[in-house]
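*Asks:* One structure, as structure tokens, below. Some questions next.
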Amino acid sequence: MNFPFFIAKRYLFSKKSTNAINIISAISVIGVAVATMALVVTLSVFNGFHDMVASFFTSFDPQLKVTPVMGKTVAADDPILTKIKQLPQVDVATESVEDQALVIYRGRQAMVTIKGVEDNFDQLTHIKEILLGDGEYQLHAADMFYGIPGIRLAEQLGTGYLYDEPLKVYAPRREGQLNMANPMDGLVEDELYSPGVIFQVLQSKYDKNYILTSISFARRIFEQQGMISSLELRLKPGSNFERVKSQIKDIAGDKFYVKDRFEQQDDTFKIMKIEKLMAYIFLTFILMIACFNIIGSLSMLIIDKKDDVVTLRNLGATDKQIVHIFLFEGRMISAIGAVLGIIIGLALCWAQQTFGLVKLGSSSASFVVNAYPVSVHPEDVILIFVTVLVVGFLSVWYPVRYFAKRLLV
């Protein structure tokens, strides 16, 4: 058995001559455990919000989105896009045309993003799962085009689920000069009718700005016949996502971007990652402060065991072994605090997931979820445990060596 570890274990669990040392040691363990628990709970809450936002985007965003590097649009029959569509792992491929336009309804107006898609868009995404209203999902019927607005856009325009009058849509002409005497000549005008439904992604980017319609309408209003803004893909079940994505990137070369759902919303998720990192850094500083209690406990223990140190030296223990005894003592306090903190933190996360103990607000209708979402990631738990051990070791290394050397003089 490791001699310094054996002695350190006896010192940790045996009664000291001064009762205050036991109390300070217990306080040290509690302090580390509380800081560790805070790390587990805080990072899990950030994970919960991350996963929740990702689930919202999943209902509207495709698995993979291919967009041109140069310009807004590209020819729909581009050989590279055709090759990507023909990959055996591609289950659904949808062409899309997307651009901004002015929409007017009964005197109310808004700048919106018109997203025109093919009829198989409902096979590409979970759009039908986020529809509200008494109508049904459809984008066109014969020569009539339907527009499905986001819920907040519908509120802004006052359309409701079913708007009685068509939406007036205006987009600037791509060619020709603007006639200042008649500015309306510089706009393409068209109409969208209501299918009796609106969508709710629970994200302002979509709910407030987007109207979903047929790609034929979008090409007509934006004068983009034969062009697309993006090619949106869904892979067959069981496909190796990362491998297929890499293969598509190789085909796309430097002419197209290939983005998964997280990369499509890179700004949102990057901010969330930065917030989580900052929370981790600040809580690690708090953990360092909690470890100062360990220094106090070890300092008093070194003084209390002064006679024992003399005995150990007479029995043949080296100065290095004696220093390691107190270093092991500090490491064990950190390890016990880390284990207790992780257990308590995981228990609190389970309780929050099961019972929703901490609410987001008094009004359940004001938030997407009633309670703080929690998601425990194993890699975070491992990172927290390693962080506590490293911080605990570094915080006691110099003080123990300093006090021990003074004692061994």
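Letters A, B, ... mark the chains of the structure tokens in the order given; residue numbers begin at 1 per chain; ligand numbers begin at 1, in order shown.
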When DSSP works through the backbone of this structure, what residues of stretch 88-145 of chain A end up as alpha helix (DSSP H), shown as number ranges by chain?
*Replies:* A: 121-124
*Asks:* Restricting the output to all heavy atoms, write the selected residues as a PDB file, in the first residue's frame.
*Replies:*
ATOM      1  N   PHE A 121     -41.724  19.535 -49.202  1.00  0.00           N
ATOM      2  CA  PHE A 121     -41.120  20.174 -48.025  1.00  0.00           C
ATOM      3  C   PHE A 121     -41.604  19.527 -46.732  1.00  0.00           C
ATOM      4  O   PHE A 121     -40.864  19.462 -45.753  1.00  0.00           O
ATOM      5  CB  PHE A 121     -41.435  21.674 -48.026  1.00  0.00           C
ATOM      6  CG  PHE A 121     -40.748  22.446 -46.928  1.00  0.00           C
ATOM      7  CD1 PHE A 121     -39.385  22.697 -46.982  1.00  0.00           C
ATOM      8  CD2 PHE A 121     -41.470  22.925 -45.846  1.00  0.00           C
ATOM      9  CE1 PHE A 121     -38.745  23.407 -45.971  1.00  0.00           C
ATOM     10  CE2 PHE A 121     -40.840  23.639 -44.837  1.00  0.00           C
ATOM     11  CZ  PHE A 121     -39.479  23.880 -44.902  1.00  0.00           C
ATOM     12  N   ASP A 122     -42.853  19.058 -46.722  1.00  0.00           N
ATOM     13  CA  ASP A 122     -43.376  18.411 -45.514  1.00  0.00           C
ATOM     14  C   ASP A 122     -42.707  17.058 -45.270  1.00  0.00           C
ATOM     15  O   ASP A 122     -42.744  16.533 -44.148  1.00  0.00           O
ATOM     16  CB  ASP A 122     -44.887  18.245 -45.610  1.00  0.00           C
ATOM     17  CG  ASP A 122     -45.314  17.414 -46.809  1.00  0.00           C
ATOM     18  OD1 ASP A 122     -44.630  17.489 -47.845  1.00  0.00           O
ATOM     19  OD2 ASP A 122     -46.326  16.698 -46.716  1.00  0.00           O
ATOM     20  N   GLN A 123     -42.098  16.471 -46.291  1.00  0.00           N
ATOM     21  CA  GLN A 123     -41.338  15.236 -46.111  1.00  0.00           C
ATOM     22  C   GLN A 123     -39.904  15.525 -45.651  1.00  0.00           C
ATOM     23  O   GLN A 123     -39.251  14.685 -45.048  1.00  0.00           O
ATOM     24  CB  GLN A 123     -41.295  14.452 -47.419  1.00  0.00           C
ATOM     25  CG  GLN A 123     -42.666  14.093 -47.981  1.00  0.00           C
ATOM     26  CD  GLN A 123     -42.567  13.480 -49.374  1.00  0.00           C
ATOM     27  OE1 GLN A 123     -41.580  12.829 -49.711  1.00  0.00           O
ATOM     28  NE2 GLN A 123     -43.588  13.698 -50.196  1.00  0.00           N
ATOM     29  N   LEU A 124     -39.459  16.747 -45.940  1.00  0.00           N
ATOM     30  CA  LEU A 124     -38.096  17.143 -45.578  1.00  0.00           C
ATOM     31  C   LEU A 124     -38.006  17.535 -44.109  1.00  0.00           C
ATOM     32  O   LEU A 124     -37.029  17.218 -43.424  1.00  0.00           O
ATOM     33  CB  LEU A 124     -37.664  18.318 -46.464  1.00  0.00           C
ATOM     34  CG  LEU A 124     -36.263  18.867 -46.215  1.00  0.00           C
ATOM     35  CD1 LEU A 124     -35.230  18.005 -46.925  1.00  0.00           C
ATOM     36  CD2 LEU A 124     -36.166  20.317 -46.685  1.00  0.00           C
TER      37      LEU A 124
END
*Asks:* Any idea what the distance is between atom CA of A:Asp250 and atom CA of A:Val97?
*Replies:*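 So the two atoms, atom CA of A:Asp250 and atom CA of A:Val97, lie 23.8 Å apart.
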*Asks:* My list of candidates is A:Ile114, A:Val388, A:Leu102, A:Ala351. Which is closest to A:Gly337 when distances are computed with only C-alpha atoms?
*Replies:*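 That would be A:Val388, the residue with the smallest distance to A:Gly337.
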*Asks:* In Å, with one decimal, what is the gap from atom CA of A:Thr82 to atom CA of A:Pro237?
*Replies:*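 Computing it gives 21.3 Å between the two atoms.
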*Asks:* Give the answer as one residue: which of A:Arg401, A:Gly186, A:Asp380, A:Tyr170 has the shortest atom-to-atom distance to A:Leu277, using only C-alpha atoms?
*Replies:* A:Asp380
*Asks:* Have a look at A:Ala101, A:Ala75, A:Val53, A:Leu360 and name the one nearest to A:Gln203; count only C-alpha atoms.
*Replies:*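 Closest residue, counting only C-alpha atoms: A:Val53.
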*Asks:* Residues of stretch 119-354 of chain A classed as strand (DSSP E) by DSSP on the backbone are to be reported as JSON, numbers by chain.
*Replies:* {"A": [131, 132, 133, 140, 141, 144, 145, 148, 149, 167, 168, 169, 170, 171, 172, 187, 188, 189, 190, 191, 192, 197, 198, 199, 210, 211, 212, 213, 214, 227, 228, 230, 231, 232, 233, 234, 235, 256, 257, 258, 259, 260]}
*Asks:* Considering only C-alpha atoms, can you say which of A:Phe222, A:Trp350, A:Phe355, A:Phe385 comes closest to A:Val45?
*Replies:* A:Trp350
*Asks:* Leaving out A:Gln138 and any residue of its chain fewer than 2 positions from it, which residues lie within 12 Å of it when counting only C-alpha atoms, given as an MDAnalysis selection string?
*Replies:* chainID A and resid 117:122 127:128 131 135:136 140:142 144:148 193:198 212:214
*Asks:* Atoms to include: C-alpha atoms. Write the selected residues as a PDB file, in the first residue's frame.
*Replies:*
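Final file, selection36.pdb:
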ATOM      1  CA  VAL A 117     -40.269  25.430 -51.423  1.00  0.00           C
ATOM      2  CA  GLU A 118     -41.271  22.377 -53.414  1.00  0.00           C
ATOM      3  CA  ASP A 119     -44.288  20.247 -52.580  1.00  0.00           C
ATOM      4  CA  ASN A 120     -42.172  17.678 -50.717  1.00  0.00           C
ATOM      5  CA  PHE A 121     -41.120  20.174 -48.025  1.00  0.00           C
ATOM      6  CA  ASP A 122     -43.376  18.411 -45.514  1.00  0.00           C
ATOM      7  CA  ILE A 127     -43.580  21.460 -40.704  1.00  0.00           C
ATOM      8  CA  LYS A 128     -46.963  19.778 -40.181  1.00  0.00           C
ATOM      9  CA  LEU A 131     -49.086  24.242 -37.793  1.00  0.00           C
ATOM     10  CA  GLY A 135     -57.045  24.453 -42.447  1.00  0.00           C
ATOM     11  CA  GLU A 136     -54.469  22.087 -43.888  1.00  0.00           C
ATOM     12  CA  HIS A 140     -50.792  25.880 -54.133  1.00  0.00           C
ATOM     13  CA  ALA A 141     -53.895  24.713 -55.958  1.00  0.00           C
ATOM     14  CA  ALA A 142     -53.885  25.115 -59.737  1.00  0.00           C
ATOM     15  CA  MET A 144     -53.659  29.873 -56.760  1.00  0.00           C
ATOM     16  CA  PHE A 145     -50.730  30.191 -54.357  1.00  0.00           C
ATOM     17  CA  TYR A 146     -51.052  29.928 -50.592  1.00  0.00           C
ATOM     18  CA  GLY A 147     -48.909  31.626 -47.968  1.00  0.00           C
ATOM     19  CA  ILE A 148     -48.368  30.256 -44.455  1.00  0.00           C
ATOM     20  CA  TYR A 193     -54.146  33.306 -50.226  1.00  0.00           C
ATOM     21  CA  SER A 194     -54.708  31.653 -46.866  1.00  0.00           C
ATOM     22  CA  PRO A 195     -54.770  27.857 -46.429  1.00  0.00           C
ATOM     23  CA  GLY A 196     -56.263  28.386 -42.958  1.00  0.00           C
ATOM     24  CA  VAL A 197     -53.080  27.625 -40.991  1.00  0.00           C
ATOM     25  CA  ILE A 198     -50.034  29.419 -39.590  1.00  0.00           C
ATOM     26  CA  LEU A 212     -43.843  29.766 -46.420  1.00  0.00           C
ATOM     27  CA  THR A 213     -45.172  29.303 -49.951  1.00  0.00           C
ATOM     28  CA  SER A 214     -44.622  27.463 -53.233  1.00  0.00           C
TER      29      SER A 214
END
*Asks:* Applying 12 Å and only C-alpha atoms, which residues near A:Lys205 remain after dropping the ones on its own chain fewer than 3 positions away? List them as an mmCIF file with N, CA and C atoms, in the first residue's frame.
*Replies:*
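Just written: result.cif:
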data_model
loop_
_atom_site.group_PDB
_atom_site.id
_atom_site.type_symbol
_atom_site.label_atom_id
_atom_site.label_comp_id
_atom_site.auth_asym_id
_atom_site.auth_seq_id
_atom_site.Cartn_x
_atom_site.Cartn_y
_atom_site.Cartn_z
ATOM 1 N N PHE A 56 -36.483 23.226 -31.556
ATOM 2 C CA PHE A 56 -37.357 24.160 -32.268
ATOM 3 C C PHE A 56 -36.918 24.311 -33.713
ATOM 4 N N PHE A 57 -35.621 24.475 -33.931
ATOM 5 C CA PHE A 57 -35.127 24.644 -35.285
ATOM 6 C C PHE A 57 -35.340 23.393 -36.122
ATOM 7 N N PHE A 60 -38.233 23.203 -38.653
ATOM 8 C CA PHE A 60 -38.250 24.057 -39.837
ATOM 9 C C PHE A 60 -36.991 23.912 -40.690
ATOM 10 N N VAL A 112 -40.898 41.039 -44.962
ATOM 11 C CA VAL A 112 -40.871 39.623 -44.601
ATOM 12 C C VAL A 112 -39.876 38.885 -45.487
ATOM 13 N N THR A 113 -39.607 37.657 -45.098
ATOM 14 C CA THR A 113 -38.812 36.749 -45.923
ATOM 15 C C THR A 113 -39.755 35.720 -46.531
ATOM 16 N N GLY A 150 -45.710 33.011 -40.168
ATOM 17 C CA GLY A 150 -45.407 32.693 -38.776
ATOM 18 C C GLY A 150 -46.416 33.347 -37.861
ATOM 19 N N ILE A 151 -46.558 32.816 -36.660
ATOM 20 C CA ILE A 151 -47.614 33.257 -35.763
ATOM 21 C C ILE A 151 -47.463 34.719 -35.366
ATOM 22 N N ARG A 152 -46.239 35.183 -35.127
ATOM 23 C CA ARG A 152 -46.058 36.583 -34.725
ATOM 24 C C ARG A 152 -46.255 37.531 -35.903
ATOM 25 N N LEU A 153 -45.916 37.090 -37.100
ATOM 26 C CA LEU A 153 -46.185 37.891 -38.286
ATOM 27 C C LEU A 153 -47.690 38.009 -38.514
ATOM 28 N N GLN A 200 -45.772 27.864 -36.042
ATOM 29 C CA GLN A 200 -45.171 28.377 -34.811
ATOM 30 C C GLN A 200 -43.917 27.572 -34.491
ATOM 31 N N VAL A 201 -42.762 28.161 -34.790
ATOM 32 C CA VAL A 201 -41.489 27.513 -34.520
ATOM 33 C C VAL A 201 -41.012 27.812 -33.107
ATOM 34 N N LEU A 202 -41.573 28.865 -32.496
ATOM 35 C CA LEU A 202 -41.159 29.357 -31.179
ATOM 36 C C LEU A 202 -39.780 29.997 -31.235
ATOM 37 N N LYS A 208 -41.718 35.670 -36.723
ATOM 38 C CA LYS A 208 -41.991 37.085 -36.956
ATOM 39 C C LYS A 208 -41.698 37.525 -38.386
ATOM 40 N N ASN A 209 -40.916 36.736 -39.136
ATOM 41 C CA ASN A 209 -40.413 37.237 -40.417
ATOM 42 C C ASN A 209 -40.726 36.372 -41.632
ATOM 43 N N TYR A 210 -41.119 35.125 -41.444
ATOM 44 C CA TYR A 210 -41.198 34.199 -42.566
ATOM 45 C C TYR A 210 -42.626 33.938 -43.036
ATOM 46 N N ILE A 211 -42.753 33.788 -44.358
ATOM 47 C CA ILE A 211 -43.964 33.263 -44.983
ATOM 48 C C ILE A 211 -43.540 32.104 -45.873
ATOM 49 N N GLN A 265 -27.732 27.829 -37.894
ATOM 50 C CA GLN A 265 -28.046 28.779 -36.826
ATOM 51 C C GLN A 265 -26.786 29.058 -36.011
ATOM 52 N N ASP A 267 -24.911 31.615 -35.364
ATOM 53 C CA ASP A 267 -24.852 32.762 -34.457
ATOM 54 C C ASP A 267 -25.523 32.454 -33.126
ATOM 55 N N THR A 268 -26.699 31.851 -33.190
ATOM 56 C CA THR A 268 -27.443 31.547 -31.963
ATOM 57 C C THR A 268 -26.675 30.578 -31.088
#
*Asks:* Which residues, written as number ranges by chain, have at least one atom at most 10 Å from stretch 285-288 of chain A, with only C-alpha atoms counted and residues fewer than 4 positions away on the same chain left out?
*Replies:* A: 31-36, 38-39, 280-281, 292-293, 387-388, 391-392, 394-395
*Asks:* Give me a file of those residues, with all heavy atoms, as a short mmCIF file (atom, residue, chain, number, x, y, z; two decimals), in the first residue's frame.
*Replies:*
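Resulting contents of part-v2.cif:
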data_model
loop_
_atom_site.label_atom_id
_atom_site.label_comp_id
_atom_site.auth_asym_id
_atom_site.auth_seq_id
_atom_site.Cartn_x
_atom_site.Cartn_y
_atom_site.Cartn_z
N GLY A 31 -17.71 23.03 1.12
CA GLY A 31 -17.47 24.13 0.18
C GLY A 31 -17.18 23.63 -1.23
O GLY A 31 -17.73 24.13 -2.21
N VAL A 32 -16.33 22.62 -1.32
CA VAL A 32 -16.02 22.04 -2.64
C VAL A 32 -17.25 21.38 -3.23
O VAL A 32 -17.53 21.50 -4.44
CB VAL A 32 -14.86 21.03 -2.51
CG1 VAL A 32 -14.63 20.31 -3.84
CG2 VAL A 32 -13.58 21.72 -2.07
N ALA A 33 -18.02 20.69 -2.40
CA ALA A 33 -19.23 20.01 -2.88
C ALA A 33 -20.25 21.01 -3.42
O ALA A 33 -20.87 20.79 -4.47
CB ALA A 33 -19.85 19.18 -1.76
N VAL A 34 -20.44 22.13 -2.72
CA VAL A 34 -21.40 23.14 -3.17
C VAL A 34 -20.97 23.76 -4.50
O VAL A 34 -21.78 23.94 -5.42
CB VAL A 34 -21.57 24.23 -2.09
CG1 VAL A 34 -22.38 25.41 -2.64
CG2 VAL A 34 -22.26 23.66 -0.86
N ALA A 35 -19.66 24.08 -4.61
CA ALA A 35 -19.17 24.65 -5.87
C ALA A 35 -19.31 23.65 -7.01
O ALA A 35 -19.68 24.01 -8.14
CB ALA A 35 -17.71 25.07 -5.71
N THR A 36 -19.03 22.38 -6.73
CA THR A 36 -19.17 21.33 -7.76
C THR A 36 -20.62 21.17 -8.16
O THR A 36 -20.95 21.05 -9.35
CB THR A 36 -18.63 19.99 -7.22
OG1 THR A 36 -17.28 20.16 -6.80
CG2 THR A 36 -18.69 18.92 -8.30
N ALA A 38 -22.93 23.42 -8.03
CA ALA A 38 -23.31 24.59 -8.83
C ALA A 38 -22.85 24.43 -10.27
O ALA A 38 -23.57 24.80 -11.21
CB ALA A 38 -22.71 25.86 -8.21
N LEU A 39 -21.65 23.89 -10.47
CA LEU A 39 -21.15 23.65 -11.84
C LEU A 39 -22.04 22.66 -12.57
O LEU A 39 -22.41 22.88 -13.73
CB LEU A 39 -19.72 23.14 -11.78
CG LEU A 39 -18.60 24.18 -11.69
CD1 LEU A 39 -17.30 23.53 -11.30
CD2 LEU A 39 -18.45 24.94 -13.00
N TYR A 280 -18.91 28.60 -16.79
CA TYR A 280 -17.93 27.62 -16.31
C TYR A 280 -16.71 28.31 -15.70
O TYR A 280 -16.23 27.91 -14.62
CB TYR A 280 -17.52 26.71 -17.47
CG TYR A 280 -16.31 25.85 -17.20
CD1 TYR A 280 -16.41 24.71 -16.40
CD2 TYR A 280 -15.07 26.18 -17.73
CE1 TYR A 280 -15.30 23.92 -16.15
CE2 TYR A 280 -13.96 25.41 -17.49
CZ TYR A 280 -14.07 24.28 -16.70
OH TYR A 280 -12.97 23.50 -16.45
N ILE A 281 -16.22 29.36 -16.36
CA ILE A 281 -15.03 30.06 -15.86
C ILE A 281 -15.32 30.74 -14.53
O ILE A 281 -14.54 30.62 -13.56
CB ILE A 281 -14.55 31.09 -16.90
CG1 ILE A 281 -14.02 30.37 -18.15
CG2 ILE A 281 -13.47 31.99 -16.31
CD1 ILE A 281 -13.66 31.30 -19.29
N PHE A 292 -9.73 27.47 -0.68
CA PHE A 292 -8.92 28.11 0.35
C PHE A 292 -9.20 27.51 1.73
O PHE A 292 -8.33 27.52 2.61
CB PHE A 292 -9.18 29.62 0.39
CG PHE A 292 -8.62 30.35 -0.80
CD1 PHE A 292 -9.19 31.52 -1.25
CD2 PHE A 292 -7.49 29.86 -1.46
CE1 PHE A 292 -8.67 32.20 -2.34
CE2 PHE A 292 -6.96 30.53 -2.56
CZ PHE A 292 -7.55 31.71 -3.00
N ASN A 293 -10.42 26.99 1.93
CA ASN A 293 -10.73 26.32 3.19
C ASN A 293 -9.85 25.10 3.39
O ASN A 293 -9.48 24.75 4.51
CB ASN A 293 -12.20 25.90 3.22
CG ASN A 293 -13.14 27.08 3.33
OD1 ASN A 293 -12.84 28.04 4.03
ND2 ASN A 293 -14.27 27.01 2.66
N THR A 387 -11.85 19.13 -13.32
CA THR A 387 -11.59 20.52 -12.93
C THR A 387 -11.44 20.65 -11.42
O THR A 387 -10.52 21.32 -10.92
CB THR A 387 -12.75 21.43 -13.40
OG1 THR A 387 -12.84 21.38 -14.82
CG2 THR A 387 -12.51 22.87 -12.96
N VAL A 388 -12.33 20.00 -10.67
CA VAL A 388 -12.26 20.08 -9.21
C VAL A 388 -10.96 19.46 -8.70
O VAL A 388 -10.29 20.03 -7.82
CB VAL A 388 -13.48 19.37 -8.58
CG1 VAL A 388 -13.35 19.36 -7.06
CG2 VAL A 388 -14.77 20.06 -8.98
N VAL A 391 -8.01 21.89 -9.72
CA VAL A 391 -8.03 23.12 -8.92
C VAL A 391 -7.67 22.81 -7.47
O VAL A 391 -6.89 23.55 -6.83
CB VAL A 391 -9.42 23.79 -8.99
CG1 VAL A 391 -9.52 24.94 -7.99
CG2 VAL A 391 -9.68 24.31 -10.40
N GLY A 392 -8.21 21.71 -6.94
CA GLY A 392 -7.88 21.34 -5.56
C GLY A 392 -6.41 21.04 -5.38
O GLY A 392 -5.79 21.45 -4.39
N LEU A 394 -3.84 22.12 -7.31
CA LEU A 394 -3.02 23.32 -7.50
C LEU A 394 -3.14 24.27 -6.31
O LEU A 394 -2.17 24.96 -5.95
CB LEU A 394 -3.43 24.04 -8.78
CG LEU A 394 -3.14 23.29 -10.09
CD1 LEU A 394 -3.65 24.09 -11.28
CD2 LEU A 394 -1.65 23.00 -10.25
N SER A 395 -4.33 24.33 -5.69
CA SER A 395 -4.54 25.27 -4.59
C SER A 395 -3.77 24.86 -3.32
O SER A 395 -3.45 25.73 -2.50
CB SER A 395 -6.02 25.40 -4.29
OG SER A 395 -6.54 24.16 -3.84
#
*Asks:* Just the residues within 12 Å of A:Tyr105, please, counting only C-alpha atoms, with nothing from its chain fewer than 3 positions along; format it as an MDAnalysis selection string.
*Replies:* chainID A and resid 102 108:111 153:160 163:170 191:194
*Asks:* Can you list, as a list in words, every protein, DNA or RNA residue that comes within 12 Å of A:Pro79 when you count only C-alpha atoms, leaving out same-chain residues fewer than 6 positions away?
*Replies:* Lys85, Gln86, Ile251, Ala252 and Lys255 of chain A
*Asks:* Please compute the atom CA of A:Val244-atom CA of A:Ile80 distance, one decimal, in Å.
*Replies:* 15.1 Å
*Asks:* Determine the nearest neighbour of A:Gln100 from the options A:Gly116, A:Phe328, A:Asn314, A:Arg243, counting only C-alpha atoms.
*Replies:*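 Looking only at the distances to A:Gln100, the closest residue turns out to be A:Gly116.
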*Asks:* Between A:Val396, A:Ala76, A:Val258, A:Ile221, which one has atoms that come closest to A:Leu298, using only C-alpha atoms?
*Replies:*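 Comparing A:Val396, A:Ala76, A:Val258, A:Ile221 against A:Leu298, the winner is A:Val396.
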